[in-house]
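Enquirer: One file is attached below, target.csv, containing CSV, C-alpha atoms.
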chain,number,residue,atom,x,y,z
A,165,MET,CA,30.2,-76.4,75.5
A,166,LYS,CA,29.3,-77.5,72.0
A,167,LYS,CA,25.6,-76.6,72.3
A,168,PRO,CA,26.1,-72.9,73.0
A,169,LYS,CA,28.6,-72.8,70.0
A,170,TYR,CA,25.8,-74.2,67.7
A,171,LYS,CA,23.4,-71.5,68.9
A,172,ILE,CA,25.9,-68.7,68.2
A,173,THR,CA,26.4,-69.9,64.6
A,174,LYS,CA,22.7,-70.1,63.9
A,175,THR,CA,22.2,-66.6,65.2
A,176,LYS,CA,24.9,-65.3,62.9
A,177,ILE,CA,23.4,-67.1,59.9
A,178,LEU,CA,20.0,-65.6,60.7
A,179,THR,CA,21.5,-62.1,61.1
A,180,VAL,CA,23.3,-62.4,57.7
A,181,ALA,CA,20.1,-63.6,56.1
A,182,ILE,CA,18.1,-60.6,57.5
A,183,ILE,CA,20.8,-58.2,56.2
A,184,VAL,CA,20.8,-59.8,52.8
A,185,MET,CA,17.0,-59.5,52.6
A,186,ILE,CA,17.2,-55.8,53.7
A,187,ILE,CA,19.7,-55.1,51.0
A,188,LEU,CA,17.6,-56.9,48.3
A,189,LEU,CA,14.5,-54.9,49.5
A,190,ILE,CA,16.4,-51.7,49.2
A,191,ILE,CA,17.6,-52.6,45.7
A,192,VAL,CA,14.0,-53.5,44.6
A,193,ILE,CA,12.7,-50.2,46.1
A,194,ASN,CA,15.3,-48.2,44.3
A,195,SER,CA,14.6,-50.0,41.0
A,196,CYS,CA,10.9,-49.2,41.4
A,197,PHE,CA,11.6,-45.6,42.2
A,198,GLY,CA,13.8,-45.3,39.2
A,199,MET,CA,11.2,-46.7,36.9
A,200,ASN,CA,8.6,-44.4,38.3
A,201,LYS,CA,10.9,-41.5,37.9
A,202,HIS,CA,11.6,-42.4,34.2
A,203,GLU,CA,7.8,-42.9,33.6
A,204,LYS,CA,7.2,-39.6,35.2
A,205,GLU,CA,9.7,-37.8,32.9
A,206,THR,CA,8.5,-39.6,29.8
A,207,PHE,CA,4.9,-38.7,30.4
A,208,ALA,CA,5.4,-35.3,31.8
A,209,TYR,CA,2.3,-34.0,30.3
A,210,ALA,CA,0.3,-35.5,33.2
A,211,GLU,CA,1.9,-33.1,35.6
A,212,PRO,CA,0.5,-29.6,36.2
A,213,ILE,CA,2.6,-26.6,35.1
A,214,GLN,CA,4.6,-25.4,38.0
A,215,GLU,CA,4.7,-21.6,38.2
A,216,SER,CA,8.3,-21.6,39.2
A,217,ARG,CA,9.2,-23.4,36.0
A,218,LEU,CA,7.4,-20.9,33.8
A,219,ALA,CA,10.0,-18.3,34.6
A,220,GLU,CA,13.0,-20.6,34.0
A,221,LYS,CA,15.0,-20.4,30.9
A,222,PRO,CA,15.5,-23.8,29.3
A,223,GLU,CA,19.0,-25.2,29.5
A,224,GLY,CA,19.0,-26.0,25.8
A,225,GLU,CA,17.4,-28.2,23.3
A,226,PHE,CA,20.0,-30.6,22.1
A,227,ILE,CA,18.8,-34.1,21.9
A,228,ASP,CA,20.5,-36.7,23.9
A,229,ILE,CA,21.9,-39.3,21.5
A,230,ASN,CA,20.7,-42.2,23.7
A,231,GLU,CA,17.3,-40.7,24.1
A,232,LEU,CA,17.1,-40.0,20.4
A,233,THR,CA,18.0,-43.7,19.6
A,234,GLU,CA,15.2,-44.8,21.9
A,235,ASN,CA,12.8,-42.4,20.3
A,236,ILE,CA,13.7,-43.7,16.8
A,237,ALA,CA,12.3,-47.1,17.9
A,238,GLU,CA,9.2,-45.6,19.5
A,239,GLU,CA,8.1,-42.8,17.2
A,240,ASN,CA,6.5,-43.3,13.8
A,241,VAL,CA,8.0,-41.4,10.9
A,242,ILE,CA,5.4,-39.5,8.8
A,243,ASP,CA,6.0,-41.7,5.7
A,244,GLY,CA,4.9,-44.8,7.7
A,245,ASN,CA,8.3,-46.4,8.2
A,246,ILE,CA,10.0,-47.0,11.5
A,247,ILE,CA,13.7,-46.2,11.5
A,248,ASP,CA,16.0,-49.0,12.4
A,249,GLU,CA,17.0,-48.9,16.1
A,250,ASN,CA,20.7,-49.2,15.1
A,251,VAL,CA,20.5,-46.2,12.7
A,252,ASN,CA,23.6,-44.0,13.1
A,253,VAL,CA,22.4,-40.5,14.2
A,254,GLU,CA,25.8,-39.0,14.1
A,255,GLU,CA,26.4,-36.1,11.6
A,256,LYS,CA,26.4,-37.1,8.0
A,257,LYS,CA,27.4,-34.3,5.7
A,258,ILE,CA,26.0,-34.5,2.1
A,259,THR,CA,27.9,-33.0,-0.8
A,260,ASN,CA,24.9,-32.8,-3.2
A,261,ASN,CA,24.7,-29.4,-5.0
A,262,ILE,CA,21.5,-27.4,-5.1
A,263,ASN,CA,21.4,-28.0,-8.9
A,264,ASN,CA,21.6,-31.8,-8.6
A,265,THR,CA,18.8,-32.9,-10.8
A,266,ASN,CA,19.1,-36.5,-9.6
A,267,ASN,CA,17.5,-35.5,-6.3
A,268,THR,CA,13.8,-36.6,-6.5
A,269,ALA,CA,12.7,-34.6,-3.4
A,270,PRO,CA,10.1,-32.0,-4.3
A,271,TYR,CA,11.7,-29.3,-2.1
A,272,TYR,CA,15.1,-28.0,-1.1
A,273,ILE,CA,15.6,-26.2,2.2
A,274,LYS,CA,18.0,-23.4,2.8
A,275,VAL,CA,18.7,-22.1,6.4
A,276,ASN,CA,20.1,-18.6,6.4
A,277,TYR,CA,21.9,-18.3,9.7
A,278,GLY,CA,22.7,-14.6,9.2
A,279,ALA,CA,19.2,-13.4,8.6
A,280,GLN,CA,17.4,-16.1,10.8
A,281,VAL,CA,15.2,-17.2,7.8
A,282,VAL,CA,14.4,-20.6,6.3
A,283,ASN,CA,13.6,-20.5,2.6
A,284,ILE,CA,12.0,-23.4,0.7
A,285,TYR,CA,12.6,-23.9,-3.0
A,286,SER,CA,11.0,-26.2,-5.6
A,287,LYS,CA,12.3,-27.3,-9.0
A,288,ASP,CA,12.2,-25.1,-12.1
A,289,ALA,CA,11.6,-26.4,-15.7
A,290,GLN,CA,15.3,-27.5,-15.8
A,291,GLY,CA,15.0,-29.5,-12.6
A,292,ASN,CA,17.0,-27.0,-10.5
A,293,TYR,CA,15.8,-25.8,-7.1
A,294,THR,CA,15.3,-22.1,-7.9
A,295,VAL,CA,11.6,-21.5,-7.5
A,296,PRO,CA,10.9,-19.9,-4.0
A,297,VAL,CA,7.9,-21.5,-2.3
A,298,LYS,CA,7.9,-20.4,1.3
A,299,SER,CA,9.8,-18.1,3.7
A,300,MET,CA,9.9,-18.9,7.5
A,301,VAL,CA,11.1,-16.8,10.4
A,302,CYS,CA,13.4,-18.9,12.6
A,303,SER,CA,15.7,-18.9,15.6
A,304,THR,CA,19.1,-20.6,15.5
A,305,GLY,CA,22.0,-20.7,18.0
A,306,SER,CA,25.8,-21.0,18.4
A,307,ALA,CA,25.9,-24.7,17.5
A,308,THR,CA,23.8,-24.4,14.3
A,309,PRO,CA,25.8,-25.3,11.2
A,310,LYS,CA,27.0,-22.3,9.3
A,311,SER,CA,27.6,-24.2,6.0
A,312,GLY,CA,27.1,-27.5,4.4
A,313,VAL,CA,24.3,-29.6,2.9
A,314,TYR,CA,22.6,-32.4,4.9
A,315,SER,CA,19.9,-35.0,4.2
A,316,ILE,CA,16.8,-35.4,6.4
A,317,PRO,CA,16.9,-38.8,8.1
A,318,ALA,CA,13.8,-38.8,10.4
A,319,ARG,CA,10.8,-37.0,11.8
A,320,TRP,CA,8.7,-37.1,15.0
A,321,GLN,CA,5.5,-35.3,16.1
A,322,TRP,CA,6.9,-34.9,19.6
A,323,LEU,CA,10.4,-35.3,20.9
A,324,GLY,CA,12.1,-34.7,24.3
A,325,LEU,CA,14.7,-32.0,24.3
A,326,GLN,CA,17.4,-31.2,26.8
A,327,GLY,CA,16.3,-29.0,29.7
A,328,ASP,CA,13.2,-31.1,30.4
A,329,VAL,CA,11.3,-29.5,27.5
A,330,TYR,CA,9.7,-30.9,24.3
A,331,GLY,CA,9.5,-30.0,20.7
A,332,GLN,CA,6.5,-30.5,18.4
A,333,TYR,CA,6.8,-31.5,14.7
A,334,CYS,CA,10.5,-32.3,15.0
A,335,THR,CA,12.5,-33.0,11.8
A,336,GLN,CA,16.0,-34.2,12.2
A,337,ILE,CA,18.7,-32.6,10.0
A,338,THR,CA,21.9,-34.0,11.4
A,339,GLY,CA,22.8,-35.4,14.8
A,340,ASN,CA,21.0,-33.5,17.5
A,341,ILE,CA,20.2,-30.5,15.2
A,342,LEU,CA,16.5,-30.4,14.2
A,343,PHE,CA,13.7,-28.3,12.9
A,344,HIS,CA,11.1,-28.0,15.6
A,345,SER,CA,8.6,-25.7,17.3
A,346,VAL,CA,9.3,-23.4,20.2
A,347,PRO,CA,9.8,-25.7,23.3
A,348,TYR,CA,6.9,-26.9,25.4
A,349,LEU,CA,6.9,-27.7,29.2
A,350,ARG,CA,4.9,-30.9,28.8
A,351,ARG,CA,5.1,-33.6,26.2
A,352,GLY,CA,1.9,-33.7,24.1
A,353,ASP,CA,0.4,-30.6,25.9
A,354,LYS,CA,0.0,-27.8,23.3
A,355,SER,CA,-1.1,-25.4,26.1
A,356,SER,CA,2.4,-25.5,27.8
A,357,LEU,CA,4.3,-23.3,25.3
A,358,GLU,CA,7.3,-21.3,26.5
A,359,TYR,CA,5.7,-18.1,25.4
A,360,TRP,CA,8.8,-16.0,26.5
A,361,GLU,CA,10.8,-18.0,24.0
A,362,TYR,CA,8.2,-17.6,21.3
A,363,ASP,CA,8.7,-13.8,21.4
A,364,LYS,CA,12.4,-14.5,20.4
A,365,LEU,CA,11.6,-15.9,17.0
A,366,GLY,CA,13.7,-14.2,14.4
A,367,THR,CA,16.6,-13.7,16.7
A,368,TYR,CA,19.4,-16.0,18.0
A,369,ALA,CA,17.7,-17.9,20.8
A,370,SER,CA,18.4,-21.6,20.6
A,371,LEU,CA,21.6,-23.6,21.3
A,372,GLY,CA,21.6,-25.2,17.9
A,373,CYS,CA,18.3,-26.4,16.7
A,374,ILE,CA,16.2,-24.3,14.3
A,375,ARG,CA,13.1,-23.1,16.0
A,376,LEU,CA,10.0,-22.4,14.0
A,377,THR,CA,6.3,-21.6,14.5
A,378,VAL,CA,4.1,-24.7,14.7
A,379,ARG,CA,2.7,-23.9,11.3
A,380,ASP,CA,6.1,-23.8,9.7
A,381,ALA,CA,7.5,-26.8,11.6
A,382,LYS,CA,4.4,-28.8,10.6
A,383,TRP,CA,4.8,-27.8,7.0
A,384,ILE,CA,8.3,-29.2,6.9
A,385,TYR,CA,7.2,-32.3,8.9
A,386,ASP,CA,4.3,-32.9,6.4
A,387,ASN,CA,6.0,-32.0,3.1
A,388,CYS,CA,9.7,-32.8,3.4
A,389,ALA,CA,10.3,-36.5,3.5
A,390,ARG,CA,13.5,-38.4,4.3
A,391,GLY,CA,16.2,-37.5,1.8
A,392,THR,CA,15.2,-33.8,1.5
A,393,LYS,CA,18.3,-31.7,1.4
A,394,VAL,CA,19.0,-28.9,3.9
A,395,GLU,CA,21.7,-26.3,3.1
A,396,PHE,CA,23.1,-23.9,5.7
A,397,TYR,CA,24.6,-20.6,4.9
A,398,SER,CA,24.9,-17.1,6.3
A,399,SER,CA,23.9,-13.9,4.6
A,400,SER,CA,22.3,-10.5,5.5
A,401,ASP,CA,20.0,-11.0,2.5
A,402,SER,CA,16.9,-12.7,3.8
A,403,GLY,CA,16.0,-14.1,0.4
A,404,PRO,CA,13.5,-13.6,-2.5
A,405,LEU,CA,10.4,-13.7,-0.3
A,406,GLY,CA,11.8,-11.5,2.5
A,407,LYS,CA,11.7,-12.2,6.2
A,408,PRO,CA,8.3,-12.9,7.8
A,409,SER,CA,7.6,-11.8,11.4
A,410,ALA,CA,6.0,-13.7,14.3
A,411,MET,CA,3.6,-12.3,16.9
A,412,LYS,CA,4.8,-11.2,20.3
A,413,ILE,CA,2.5,-13.0,22.7
A,414,SER,CA,3.9,-12.5,26.2
A,415,SER,CA,1.5,-9.6,26.9
A,416,TYR,CA,-1.6,-11.6,26.2
A,417,PRO,CA,-3.6,-13.5,28.9
A,418,ASP,CA,-2.3,-17.0,30.0
A,419,TYR,CA,-5.0,-18.9,28.1
A,420,LEU,CA,-3.8,-17.4,24.9
A,421,ARG,CA,0.0,-17.0,25.3
A,422,ASN,CA,0.4,-20.7,26.4
A,423,TRP,CA,-0.5,-21.7,22.9
A,424,ASP,CA,1.3,-21.1,19.6
A,425,PRO,CA,-1.0,-18.7,17.6
A,426,THR,CA,-0.2,-20.7,14.4
A,427,ASP,CA,-1.1,-24.1,15.8
A,428,PRO,CA,-3.9,-25.6,13.6
A,429,SER,CA,-5.4,-27.5,16.5
A,430,GLN,CA,-9.1,-27.0,16.9
A,431,ASP,CA,-8.6,-26.5,20.6
A,432,ASN,CA,-6.3,-23.5,20.0
A,433,PRO,CA,-7.9,-20.5,21.8
A,434,TRP,CA,-6.3,-18.1,19.3
A,435,LYS,CA,-8.9,-19.3,16.7
A,436,THR,CA,-11.8,-18.1,18.8
A,437,TYR,CA,-9.9,-15.0,19.7
A,438,LYS,CA,-9.1,-14.2,16.1
A,439,GLU,CA,-12.7,-15.0,15.0
A,440,LEU,CA,-13.9,-12.5,17.6
A,441,GLU,CA,-11.2,-10.1,16.5
A,442,ASN,CA,-12.3,-10.5,12.9
A,443,GLN,CA,-15.9,-10.1,13.8
A,444,ASN,CA,-15.0,-6.9,15.7
A,445,THR,CA,-12.9,-5.8,12.7
A,446,THR,CA,-15.9,-6.6,10.4
A,447,LYS,CA,-18.2,-4.6,12.7
A,448,ASN,CA,-15.8,-1.8,12.8
A,449,GLU,CA,-15.5,-1.9,9.0
A,450,VAL,CA,-19.3,-1.9,8.6
A,451,THR,CA,-19.6,0.9,11.2
A,452,ASN,CA,-16.9,2.8,9.4
A,453,GLU,CA,-18.5,2.2,6.1
A,454,VAL,CA,-21.9,3.4,7.4
A,455,ALA,CA,-20.2,6.4,8.9
A,456,ASN,CA,-18.4,7.1,5.6
A,457,GLU,CA,-21.6,6.8,3.8
A,458,GLN,CA,-23.3,9.1,6.3
A,459,ASN,CA,-20.3,11.5,6.0
A,460,GLN,CA,-20.6,11.4,2.2
A,461,GLU,CA,-24.4,12.1,2.5
A,462,ASN,CA,-23.6,14.9,5.0
A,463,GLN,CA,-21.0,16.2,2.7
A,464,THR,CA,-23.4,16.1,-0.2
A,465,VAL,CA,-26.0,17.9,1.8
A,466,ASN,CA,-23.4,20.4,3.0
A,467,GLU,CA,-22.3,21.0,-0.6
A,468,GLN,CA,-25.9,21.5,-1.6
A,469,VAL,CA,-26.5,23.9,1.3
A,470,ASN,CA,-23.2,25.7,0.6
A,471,GLU,CA,-24.1,26.0,-3.0
A,472,ILE,CA,-27.6,27.4,-2.2
A,473,GLN,CA,-26.1,29.7,0.3
A,474,ASN,CA,-23.4,30.7,-2.1
A,475,ASN,CA,-25.9,31.3,-4.8
A,476,GLN,CA,-28.0,33.4,-2.4
A,477,VAL,CA,-25.0,35.3,-1.3
A,478,ASN,CA,-23.9,35.8,-4.9
A,479,GLU,CA,-27.3,36.9,-5.9
A,480,GLN,CA,-27.5,39.3,-3.0
A,481,ALA,CA,-24.0,40.6,-3.7
A,482,ASN,CA,-24.8,40.9,-7.4
A,483,GLU,CA,-28.0,42.7,-6.5
A,484,MET,CA,-26.2,45.0,-4.2
A,485,GLN,CA,-23.5,45.6,-6.8
A,486,ASN,CA,-26.1,46.2,-9.5
A,487,ASN,CA,-27.9,48.6,-7.2
A,488,GLN,CA,-24.7,50.4,-6.5
A,489,VAL,CA,-23.8,50.5,-10.2
A,490,ASN,CA,-27.3,51.6,-11.0
A,491,GLU,CA,-27.2,54.3,-8.4
A,492,GLN,CA,-23.8,55.4,-9.6
A,493,ALA,CA,-25.0,55.3,-13.2
A,494,ASN,CA,-28.1,57.2,-12.3
A,495,GLU,CA,-26.1,59.7,-10.3
A,496,MET,CA,-23.7,60.2,-13.2
A,497,GLN,CA,-26.6,60.5,-15.6
A,498,ASN,CA,-28.4,63.0,-13.3
A,499,ASN,CA,-25.2,64.9,-13.0
A,500,GLN,CA,-24.7,64.9,-16.7
A,501,VAL,CA,-28.3,66.0,-17.2
A,502,ASN,CA,-28.0,68.7,-14.6
A,503,GLU,CA,-24.8,69.9,-16.1
A,504,GLN,CA,-26.3,69.9,-19.5
A,505,ALA,CA,-29.4,71.6,-18.2
A,506,ASN,CA,-27.4,74.2,-16.3
A,507,GLU,CA,-25.2,74.7,-19.3
A,508,THR,CA,-28.2,75.2,-21.5
A,509,GLN,CA,-29.8,77.5,-19.0
A,510,ASN,CA,-26.6,79.4,-18.7
A,511,ASN,CA,-26.2,79.6,-22.4
A,512,GLN,CA,-29.8,80.8,-22.8
A,513,ALA,CA,-29.4,83.4,-20.1
A,514,ASN,CA,-26.2,84.6,-21.6
A,515,GLU,CA,-27.8,84.8,-25.0
A,516,GLN,CA,-30.7,86.7,-23.6
A,517,LEU,CA,-28.4,89.0,-21.7
A,518,ASN,CA,-26.2,89.6,-24.6
A,519,GLU,CA,-29.3,90.2,-26.8
A,520,THR,CA,-30.6,92.7,-24.2
A,521,GLN,CA,-27.3,94.4,-23.9
A,522,ASN,CA,-27.0,94.5,-27.7
A,523,ASN,CA,-30.5,95.9,-28.1
A,524,GLN,CA,-29.8,98.4,-25.4
A,525,ALA,CA,-26.6,99.3,-27.0
A,526,ASN,CA,-28.2,99.6,-30.4
A,527,GLU,CA,-31.1,101.7,-29.1
A,528,GLN,CA,-28.9,104.2,-27.3
A,529,PRO,CA,-27.0,105.4,-30.5
A,530,SER,CA,-30.2,105.6,-32.4
A,531,LYS,CA,-31.8,107.9,-29.8
A,532,THR,CA,-28.7,110.0,-29.6
A,533,GLU,CA,-28.6,110.4,-33.4
A,534,ASN,CA,-32.3,111.2,-33.6
A,535,LYS,CA,-31.9,113.7,-30.8
A,536,GLN,CA,-29.0,115.3,-32.6
A,537,VAL,CA,-30.9,115.3,-35.9
A,538,ASN,CA,-33.9,116.9,-34.3
A,539,GLU,CA,-31.7,119.5,-32.6
A,540,THR,CA,-30.0,120.2,-35.9
A,541,ALA,CA,-33.3,120.5,-37.7
A,542,LYS,CA,-34.7,122.7,-35.0
A,543,GLN,CA,-31.7,125.0,-35.2
A,544,GLU,CA,-32.1,125.2,-39.0
A,545,ASN,CA,-35.7,126.0,-38.7
A,546,GLU,CA,-35.0,128.8,-36.4
Take the structure in the file and give it back as structure tokens.

Expert:
Amino acid sequence: MKKPKYKITKTKILTVAIIVMIILLIIVINSCFGMNKHEKETFAYAEPIQESRLAEKPEGEFIDINELTENIAEENVIDGNIIDENVNVEEKKITNNINNTNNTAPYYIKVNYGAQVVNIYSKDAQGNYTVPVKSMVCSTGSATPKSGVYSIPARWQWLGLQGDVYGQYCTQITGNILFHSVPYLRRGDKSSLEYWEYDKLGTYASLGCIRLTVRDAKWIYDNCARGTKVEFYSSSDSGPLGKPSAMKISSYPDYLRNWDPTDPSQDNPWKTYKELENQNTTKNEVTNEVANEQNQENQTVNEQVNEIQNNQVNEQANEMQNNQVNEQANEMQNNQVNEQANETQNNQANEQLNETQNNQANEQPSKTENKQVNETAKQENE
């Protein structure tokens, strides 16, 4: 009876060993799957864009504190230093005033939440930040600070954001509030821009970060080192330089709208497009200039023709008027001559008639008297 008992115990041990091996194998497979998944998320730029994701609205763009701490150790800051892994990324409010001349930073940043504008100032002769340098259109959100002054602690060229999206030229302001570009679908892929979000620049569109064009985000990334102060306030007045505008790109073809038009990358298709646009504009300007010159020449010719025609018409009109005047004058003169001639003839006729009548009148009395004298003489003689 002992021998069968030994066999049963050995079988149980073998069964338990197999179960343990299966459990260990499952654990190893899950660990490998998790690592692959993490690697897949970290290097998401290797995936093709899914059309279904293009229409999705990102969940947000807050930075996960744990992920941010990991990125601090991985990403190089622009000034060449690597931030300590144990750096405290929680909000640190700075009380420095804008007129603090002890601040050695060349620029001071003011974020106007009310007007959705970022204004950059440099120092005046007295060392106060009063000289406006740049004005940038931005998009903020409900979690964006409405007041306070903060000091920039870190910067990254690319950084993962919540919602499985990524920001380019990210400059931390406080905690998980950053300056960065409009989100991208893939890390490191500048052709995966969320173009529908780009069209919202200048309006409230983010959850808390300050979205900028790539050109403006890169300017802050390049020129505003750690320690640069960022002040938040809210006003309807956009500032001394006014509020810039950003292009609306959603209506353009995919190969264009998947890129930020302001990105300085040599691969940016907007560069070629703008060059062609500029060439067309130049051609149009040249064509318009030639057309204007031709129009001017035509206008000059028309003026000359009109002048000649007007002169001819005027000459003809003057000639006609002169003829009419001459005819009228001649007619008047002829009438006057005829009247004078008629008057002269009438006068002469009247004079002759009167003279004849007078002669006749004078002759008749003389004859009568002579007859009477003769008769008287005759009577006397008898």

Enquirer: Rank A:Val489, A:Ala307, A:Met484, A:Met300 by their smallest atom-to-atom distance to Asp380 (chain A), using only C-alpha atoms, and report the top residue only.

Expert: A:Met300

Enquirer: Find the residues with any atom within 8 Å of (11.6, -22.2, 0.6); use only C-alpha atoms and the coordinates as given in the file, and write the answer as a ChimeraX atom specification.

Expert: /A:271-274,282-286,296-300

Enquirer: Could you work out how far CA of Ile413 (chain A) lies from CA of Gly327 (chain A), giving the answer in Å with one decimal?

Expert: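 Computed distance, CA of Gly327 (chain A) to CA of Ile413 (chain A), equals 22.3 Å.
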
Enquirer: Measure the distance from CA of Tyr437 (chain A) to CA of Tyr362 (chain A) in Å and round it to one decimal.

Expert: 18.4 Å
